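> Below you'll find start-v8.pdb; it's PDB, C-alpha atoms.
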```pdb
ATOM      1  CA  MET A  63     -13.429 -55.315 -46.384
ATOM      2  CA  GLY A  64     -15.035 -51.848 -46.243
ATOM      3  CA  ALA A  65     -17.489 -53.104 -43.612
ATOM      4  CA  THR A  66     -14.619 -54.488 -41.571
ATOM      5  CA  LEU A  67     -12.746 -51.150 -41.626
ATOM      6  CA  SER A  68     -15.888 -49.305 -40.653
ATOM      7  CA  LEU A  69     -16.519 -51.660 -37.736
ATOM      8  CA  SER A  70     -12.895 -51.299 -36.598
ATOM      9  CA  THR A  71     -13.197 -47.508 -36.683
ATOM     10  CA  VAL A  72     -16.383 -47.618 -34.639
ATOM     11  CA  THR A  73     -14.743 -49.965 -32.129
ATOM     12  CA  ARG A  74     -11.771 -47.638 -31.667
ATOM     13  CA  SER A  75     -14.107 -44.674 -31.330
ATOM     14  CA  ASP A  76     -16.116 -46.467 -28.645
ATOM     15  CA  ALA A  77     -12.940 -47.420 -26.820
ATOM     16  CA  GLN A  78     -11.707 -43.807 -26.822
ATOM     17  CA  ARG A  79     -15.092 -42.580 -25.630
ATOM     18  CA  THR A  80     -15.048 -45.104 -22.809
ATOM     19  CA  LYS A  81     -11.519 -44.030 -21.850
ATOM     20  CA  ASN A  82     -12.569 -40.363 -21.757
ATOM     21  CA  LEU A  83     -15.577 -41.182 -19.589
ATOM     22  CA  GLN A  84     -13.382 -43.139 -17.190
ATOM     23  CA  ALA A  85     -10.948 -40.206 -16.908
ATOM     24  CA  SER A  86     -13.830 -37.802 -16.251
ATOM     25  CA  ALA A  87     -15.203 -40.156 -13.617
ATOM     26  CA  LYS A  88     -11.845 -40.240 -11.842
ATOM     27  CA  LYS A  89     -11.662 -36.431 -11.788
ATOM     28  CA  LEU A  90     -15.240 -36.248 -10.475
ATOM     29  CA  LYS A  91     -14.405 -38.825  -7.821
ATOM     30  CA  ARG A  92     -11.381 -36.827  -6.667
ATOM     31  CA  GLY A  93     -13.497 -33.669  -6.551
ATOM     32  CA  LEU A  94     -16.212 -35.382  -4.504
ATOM     33  CA  ALA A  95     -13.567 -36.790  -2.200
ATOM     34  CA  LEU A  96     -12.304 -33.265  -1.493
ATOM     35  CA  VAL A  97     -15.831 -31.974  -0.886
ATOM     36  CA  THR A  98     -16.760 -34.768   1.504
ATOM     37  CA  ALA A  99     -13.335 -35.140   3.133
ATOM     38  CA  PRO A 100     -12.909 -34.293   6.833
ATOM     39  CA  VAL A 101     -11.529 -30.849   7.658
ATOM     40  CA  GLY A 102      -8.226 -32.397   8.743
ATOM     41  CA  SER A 103      -7.772 -34.066   5.363
ATOM     42  CA  LEU A 104      -8.500 -30.831   3.525
ATOM     43  CA  LYS A 105      -5.952 -28.992   5.656
ATOM     44  CA  ARG A 106      -3.345 -31.647   4.922
ATOM     45  CA  TRP A 107      -4.117 -31.446   1.210
ATOM     46  CA  SER A 108      -3.891 -27.630   1.301
ATOM     47  CA  ALA A 109      -0.576 -27.788   3.175
ATOM     48  CA  LYS A 110       0.739 -30.286   0.652
ATOM     49  CA  MET A 111      -0.180 -27.997  -2.252
ATOM     50  CA  LYS A 112       1.472 -25.013  -0.532
ATOM     51  CA  GLN A 113       4.610 -27.047   0.061
ATOM     52  CA  LYS A 114       4.639 -28.128  -3.570
ATOM     53  CA  LYS A 115       4.317 -24.503  -4.723
ATOM     54  CA  ALA A 116       7.073 -23.405  -2.335
ATOM     55  CA  THR A 117       9.344 -26.156  -3.635
ATOM     56  CA  GLN A 118       8.694 -25.095  -7.235
ATOM     57  CA  GLN A 119       9.511 -21.471  -6.365
ATOM     58  CA  GLN A 120      12.662 -22.551  -4.540
ATOM     59  CA  ASN A 121      13.817 -24.612  -7.518
ATOM     60  CA  GLN A 122      13.184 -21.648  -9.805
ATOM     61  CA  ALA A 123      15.115 -19.363  -7.434
ATOM     62  CA  GLN A 124      18.083 -21.704  -7.469
ATOM     63  CA  GLN A 125      18.330 -21.300 -11.232
ATOM     64  CA  LEU A 126      18.480 -17.482 -11.325
ATOM     65  CA  SER A 127      21.677 -15.918 -12.627
ATOM     66  CA  THR A 128      23.432 -12.901 -11.109
ATOM     67  CA  ASN A 129      22.067 -10.705 -13.910
ATOM     68  CA  GLU A 130      18.520 -11.890 -13.213
ATOM     69  CA  LEU A 131      18.930 -11.227  -9.497
ATOM     70  CA  MET A 132      20.224  -7.737 -10.278
ATOM     71  CA  GLN A 133      17.177  -7.072 -12.440
ATOM     72  CA  ARG A 134      14.835  -8.238  -9.696
ATOM     73  CA  PHE A 135      16.658  -6.143  -7.121
ATOM     74  CA  ALA A 136      16.389  -3.010  -9.273
ATOM     75  CA  LYS A 137      12.740  -3.685 -10.072
ATOM     76  CA  ALA A 138      11.874  -4.169  -6.388
ATOM     77  CA  ILE A 139      13.456  -0.852  -5.393
ATOM     78  CA  CYS A 140      11.721   0.980  -8.240
ATOM     79  CA  LEU A 141       8.332  -0.350  -7.161
ATOM     80  CA  GLN A 142       9.030   0.507  -3.539
ATOM     81  CA  CYS A 143       9.847   4.141  -4.368
ATOM     82  CA  ASP A 144       7.391   4.578  -7.219
ATOM     83  CA  CYS A 145       5.063   7.006  -5.418
ATOM     84  CA  LYS A 146       7.799   9.595  -4.830
ATOM     85  CA  VAL A 147      10.673   8.869  -7.212
ATOM     86  CA  LYS A 148      10.402   8.014 -10.869
ATOM     87  CA  VAL A 149      13.364   5.820 -11.715
ATOM     88  CA  LEU A 150      13.995   2.954 -14.107
ATOM     89  CA  PRO A 151      15.490  -0.393 -13.041
ATOM     90  CA  SER A 152      18.216   0.187 -15.634
ATOM     91  CA  ASP A 153      19.243   3.370 -13.782
ATOM     92  CA  ILE A 154      19.768   1.489 -10.533
ATOM     93  CA  GLU A 155      21.689  -1.248 -12.314
ATOM     94  CA  ARG A 156      23.908   1.368 -13.967
ATOM     95  CA  TRP A 157      24.725   3.084 -10.651
ATOM     96  CA  ILE A 158      25.819  -0.175  -9.074
ATOM     97  CA  ARG A 159      27.736  -1.602 -12.018
ATOM     98  CA  SER A 160      29.517   1.708 -12.620
ATOM     99  CA  VAL A 161      31.044   1.635  -9.115
ATOM    100  CA  ASP A 162      31.915  -2.052  -9.414
ATOM    101  CA  GLN A 163      33.648  -1.550 -12.759
ATOM    102  CA  THR A 164      35.485   1.585 -11.578
ATOM    103  CA  LEU A 165      36.991  -0.270  -8.616
ATOM    104  CA  LEU A 166      37.910  -3.176 -10.878
ATOM    105  CA  VAL A 167      39.618  -0.983 -13.484
ATOM    106  CA  GLN A 168      41.459   1.030 -10.829
ATOM    107  CA  GLY A 169      42.838  -2.147  -9.279
ATOM    108  CA  TRP A 170      40.969  -2.003  -5.987
ATOM    109  CA  GLN A 171      39.596  -5.492  -6.605
ATOM    110  CA  ASP A 172      40.567  -8.478  -8.724
ATOM    111  CA  HIS A 173      37.017  -9.640  -9.455
ATOM    112  CA  GLU A 174      33.602  -8.046  -9.750
ATOM    113  CA  TYR A 175      31.900  -7.566  -6.417
ATOM    114  CA  ILE A 176      28.384  -8.128  -7.750
ATOM    115  CA  THR A 177      27.467 -11.722  -6.953
ATOM    116  CA  GLU A 178      24.435 -13.497  -5.561
ATOM    117  CA  SER A 179      25.494 -12.965  -1.938
ATOM    118  CA  SER A 180      26.292  -9.277  -2.429
ATOM    119  CA  LEU A 181      22.901  -8.694  -4.080
ATOM    120  CA  VAL A 182      21.131 -10.456  -1.201
ATOM    121  CA  PHE A 183      22.984  -8.124   1.187
ATOM    122  CA  MET A 184      22.118  -5.092  -0.939
ATOM    123  CA  TYR A 185      18.460  -6.099  -1.147
ATOM    124  CA  MET A 186      18.170  -6.487   2.624
ATOM    125  CA  MET A 187      19.749  -3.054   3.154
ATOM    126  CA  ALA A 188      17.944  -1.166   0.382
ATOM    127  CA  LYS A 189      14.543  -2.619   1.175
ATOM    128  CA  ALA A 190      14.756  -1.147   4.683
ATOM    129  CA  THR A 191      16.308   2.198   3.738
ATOM    130  CA  CYS A 192      14.900   3.114   0.310
ATOM    131  CA  THR A 193      11.390   3.797   1.576
ATOM    132  CA  GLU A 194       9.032   6.674   0.801
ATOM    133  CA  SER A 195       9.596   8.157   4.255
ATOM    134  CA  GLN A 196      13.383   8.139   3.820
ATOM    135  CA  VAL A 197      13.789   8.972   0.129
ATOM    136  CA  SER A 198      12.237  12.137  -1.277
ATOM    137  CA  ASN A 199      13.918  12.522  -4.669
ATOM    138  CA  LEU A 200      16.163  10.810  -7.201
ATOM    139  CA  GLN A 201      19.358  12.175  -5.612
ATOM    140  CA  ASP A 202      18.353  10.755  -2.216
ATOM    141  CA  LEU A 203      17.625   7.395  -3.770
ATOM    142  CA  LYS A 204      20.944   7.240  -5.617
ATOM    143  CA  MET A 205      22.888   8.245  -2.510
ATOM    144  CA  THR A 206      21.101   5.637  -0.392
ATOM    145  CA  ILE A 207      21.706   2.888  -2.967
ATOM    146  CA  LEU A 208      25.401   3.785  -3.175
ATOM    147  CA  ILE A 209      25.703   3.903   0.613
ATOM    148  CA  CYS A 210      24.195   0.411   0.798
ATOM    149  CA  LEU A 211      26.734  -0.637  -1.823
ATOM    150  CA  PHE A 212      29.559   1.034   0.131
ATOM    151  CA  LEU A 213      28.523  -0.797   3.302
ATOM    152  CA  GLY A 214      28.351  -4.017   1.306
ATOM    153  CA  PHE A 215      31.902  -3.549   0.071
ATOM    154  CA  SER A 216      33.094  -2.582   3.557
ATOM    155  CA  TYR A 217      31.355  -5.489   5.267
ATOM    156  CA  THR A 218      31.665  -8.333   2.759
ATOM    157  CA  GLY A 219      34.307  -7.145   0.254
ATOM    158  CA  ASN A 220      37.676  -8.861  -0.086
ATOM    159  CA  GLU A 221      39.763  -5.747   0.561
ATOM    160  CA  ILE A 222      40.451  -4.012   3.884
ATOM    161  CA  SER A 223      39.342  -0.626   2.575
ATOM    162  CA  TYR A 224      37.976   1.036  -0.552
ATOM    163  CA  PRO A 225      38.161   4.610  -1.903
ATOM    164  CA  LEU A 226      35.156   6.758  -1.133
ATOM    165  CA  LYS A 227      35.006   8.745  -4.367
ATOM    166  CA  PRO A 228      33.286   6.128  -6.603
ATOM    167  CA  PHE A 229      30.431   5.935  -4.084
ATOM    168  CA  LEU A 230      29.854   9.682  -3.798
ATOM    169  CA  CYS A 231      27.073  11.406  -5.697
ATOM    170  CA  THR A 232      27.203  14.585  -3.635
ATOM    171  CA  THR A 233      29.949  17.104  -2.974
ATOM    172  CA  ASP A 234      28.980  17.272   0.699
ATOM    173  CA  LYS A 235      30.780  14.368   2.363
ATOM    174  CA  LYS A 236      29.129  15.154   5.706
ATOM    175  CA  VAL A 237      25.714  14.353   4.233
ATOM    176  CA  PHE A 238      27.092  11.048   2.963
ATOM    177  CA  TRP A 239      28.671  10.078   6.294
ATOM    178  CA  ASP A 240      25.666  11.160   8.362
ATOM    179  CA  ARG A 241      23.370   8.984   6.251
ATOM    180  CA  CYS A 242      25.927   6.178   6.269
ATOM    181  CA  MET A 243      26.062   6.141  10.078
ATOM    182  CA  GLN A 244      22.286   6.315  10.303
ATOM    183  CA  ILE A 245      21.897   3.246   8.093
ATOM    184  CA  THR A 246      24.704   1.385   9.866
ATOM    185  CA  LEU A 247      23.150   1.884  13.307
ATOM    186  CA  ALA A 248      19.724   0.827  12.045
ATOM    187  CA  MET A 249      20.917  -2.236  10.119
ATOM    188  CA  SER A 250      23.958  -3.558  12.022
ATOM    189  CA  SER A 251      22.034  -6.378  13.716
ATOM    190  CA  HIS A 252      20.551  -7.448  10.372
ATOM    191  CA  MET A 253      23.993  -7.454   8.746
ATOM    192  CA  LEU A 254      25.351  -9.690  11.483
ATOM    193  CA  ARG A 255      22.349 -11.994  11.286
ATOM    194  CA  LEU A 256      22.605 -12.332   7.515
ATOM    195  CA  ASN A 257      26.204 -13.446   7.933
ATOM    196  CA  SER A 258      25.587 -15.889  10.788
ATOM    197  CA  ASP A 259      22.080 -17.279  10.178
ATOM    198  CA  SER A 260      21.783 -19.352   7.009
ATOM    199  CA  ASP A 261      17.998 -19.647   7.376
ATOM    200  CA  TYR A 262      17.677 -15.861   7.443
ATOM    201  CA  TYR A 263      19.951 -15.551   4.427
ATOM    202  CA  HIS A 264      17.843 -18.008   2.426
ATOM    203  CA  THR A 265      14.654 -16.222   3.483
ATOM    204  CA  VAL A 266      15.974 -12.876   2.208
ATOM    205  CA  ARG A 267      17.268 -14.546  -0.961
ATOM    206  CA  GLN A 268      13.941 -16.209  -1.610
ATOM    207  CA  GLU A 269      12.168 -12.872  -1.182
ATOM    208  CA  LEU A 270      14.533 -11.258  -3.679
ATOM    209  CA  CYS A 271      14.022 -14.081  -6.161
ATOM    210  CA  SER A 272      10.247 -13.711  -5.922
ATOM    211  CA  GLN A 273      10.319 -10.021  -6.928
TER     212      GLN A 273
END
```
Please, can you express the file's structure as structure tokens?


Amino acid sequence: MGATLSLSTVTRSDAQRTKNLQASAKKLKRGLALVTAPVGSLKRWSAKMKQKKATQQQNQAQQLSTNELMQRFAKAICLQCDCKVKVLPSDIERWIRSVDQTLLVQGWQDHEYITESSLVFMYMMAKATCTESQVSNLQDLKMTILICLFLGFSYTGNEISYPLKPFLCTTDKKVFWDRCMQITLAMSSHMLRLNSDSDYYHTVRQELCSQ
């Protein structure tokens, strides 16, 4: 009986070894096929892999919550301004949520403004305006972020108008309005496109999700 068990064990071991060799041979065959394949086939394979990766990223993006999008937005702006302004993502989140909550508590809105679509709008605006050439210090950055938020409320908010005070971080209203008009003139076509072109919206959203 002992001899029989030993023979059975050897047989199973041989079978497993054969299976492993066959798997290795298949992998080697696929590798050789790629090496010897025509250029057109390699391009198609490469395009297929890129499409697969893009699909995986898109599926991941579809699963992000509003909080996760906010975190990615704040992180992206911090990295963009890192050379001139030292700021934490939590600071940017606090600026935005403070205004949103103030307007909610004061009765200017029935629901929080911060949603996926509003963050996509904010990201498009802030990415273009919170640059090293346009922002020189923390106060400039905060004002620019709040102006982008103000324009977001004005352009996509549910109410006809909103109070200015929650968006101000300077006592000089002229500075606020001058910068507000500058950003509006520079970004008006992008705001309209984001609202009317779904492909553009999804492109901006995907970029935000990948941050």

> Applied to the shown file, which residues does the PyMOL selection byres ((chain A and resi 181) around 9) return, written as a ChimeraX atom specification?

/A:128,131-132,135,176-180,182-186,214,267,270

> I'd like to see the residues matched by the PyMOL selection byres ((chain A and resi 233-248) around 12) on this file, and ideally I'd get them as an mmCIF file with C-alpha atoms, in the frame of the given file.


```cif
data_model
loop_
_atom_site.group_PDB
_atom_site.id
_atom_site.type_symbol
_atom_site.label_atom_id
_atom_site.label_comp_id
_atom_site.auth_asym_id
_atom_site.auth_seq_id
_atom_site.Cartn_x
_atom_site.Cartn_y
_atom_site.Cartn_z
ATOM 1 C CA MET A 186 18.170 -6.487 2.624
ATOM 2 C CA MET A 187 19.749 -3.054 3.154
ATOM 3 C CA ALA A 188 17.944 -1.166 0.382
ATOM 4 C CA LYS A 189 14.543 -2.619 1.175
ATOM 5 C CA ALA A 190 14.756 -1.147 4.683
ATOM 6 C CA THR A 191 16.308 2.198 3.738
ATOM 7 C CA CYS A 192 14.900 3.114 0.310
ATOM 8 C CA GLN A 196 13.383 8.139 3.820
ATOM 9 C CA VAL A 197 13.789 8.972 0.129
ATOM 10 C CA GLN A 201 19.358 12.175 -5.612
ATOM 11 C CA ASP A 202 18.353 10.755 -2.216
ATOM 12 C CA LEU A 203 17.625 7.395 -3.770
ATOM 13 C CA LYS A 204 20.944 7.240 -5.617
ATOM 14 C CA MET A 205 22.888 8.245 -2.510
ATOM 15 C CA THR A 206 21.101 5.637 -0.392
ATOM 16 C CA ILE A 207 21.706 2.888 -2.967
ATOM 17 C CA LEU A 208 25.401 3.785 -3.175
ATOM 18 C CA ILE A 209 25.703 3.903 0.613
ATOM 19 C CA CYS A 210 24.195 0.411 0.798
ATOM 20 C CA LEU A 211 26.734 -0.637 -1.823
ATOM 21 C CA PHE A 212 29.559 1.034 0.131
ATOM 22 C CA LEU A 213 28.523 -0.797 3.302
ATOM 23 C CA GLY A 214 28.351 -4.017 1.306
ATOM 24 C CA SER A 216 33.094 -2.582 3.557
ATOM 25 C CA TYR A 217 31.355 -5.489 5.267
ATOM 26 C CA LEU A 226 35.156 6.758 -1.133
ATOM 27 C CA LYS A 227 35.006 8.745 -4.367
ATOM 28 C CA PHE A 229 30.431 5.935 -4.084
ATOM 29 C CA LEU A 230 29.854 9.682 -3.798
ATOM 30 C CA CYS A 231 27.073 11.406 -5.697
ATOM 31 C CA THR A 232 27.203 14.585 -3.635
ATOM 32 C CA MET A 249 20.917 -2.236 10.119
ATOM 33 C CA SER A 250 23.958 -3.558 12.022
ATOM 34 C CA SER A 251 22.034 -6.378 13.716
ATOM 35 C CA HIS A 252 20.551 -7.448 10.372
ATOM 36 C CA MET A 253 23.993 -7.454 8.746
ATOM 37 C CA LEU A 254 25.351 -9.690 11.483
#
```

> Which one is closest to Ser152 of chain A: A:Leu256, A:Leu126, A:Leu83, A:Cys140? Count all atoms listed in the file.

A:Cys140

> Have a look at atom CA of Ile154 of chain A and atom CA of Glu221 of chain A and let me know their distance in Å, one decimal.

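We find that atom CA of Ile154 of chain A and atom CA of Glu221 of chain A lie 24.0 Å from each other.
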
> What's the separation between atom CA of Ser258 of chain A and atom CA of Ser127 of chain A, in Å to one decimal place?

23.7 Å

> For Leu165 of chain A, list every protein, DNA or RNA residue within 12 Å, evaluated using all atoms listed in the file, and leave out those in the same chain fewer than 3 positions away; present the list as a ChimeraX atom specification.

/A:158-162,168-176,212,215,219,221,223-229

> In Å, rounded to a single decimal, give me how far atom CA of Ser260 of chain A is from atom CA of Gln273 of chain A.

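Going from atom CA of Gln273 of chain A over to atom CA of Ser260 of chain A covers 20.3 Å.
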
> With only C-alpha atoms as the atoms that count, which of A:Ser198, A:Thr164, A:Gln78, A:Gln125 lies nearest to Lys146 of chain A?

A:Ser198

> Of the candidates A:Ala136, A:Leu200, A:Leu166, A:Ile222, which shows the shortest atom-to-atom distance to Cys271 of chain A, using all atoms listed in the file?

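Closest residue, counting all atoms listed in the file: A:Ala136.
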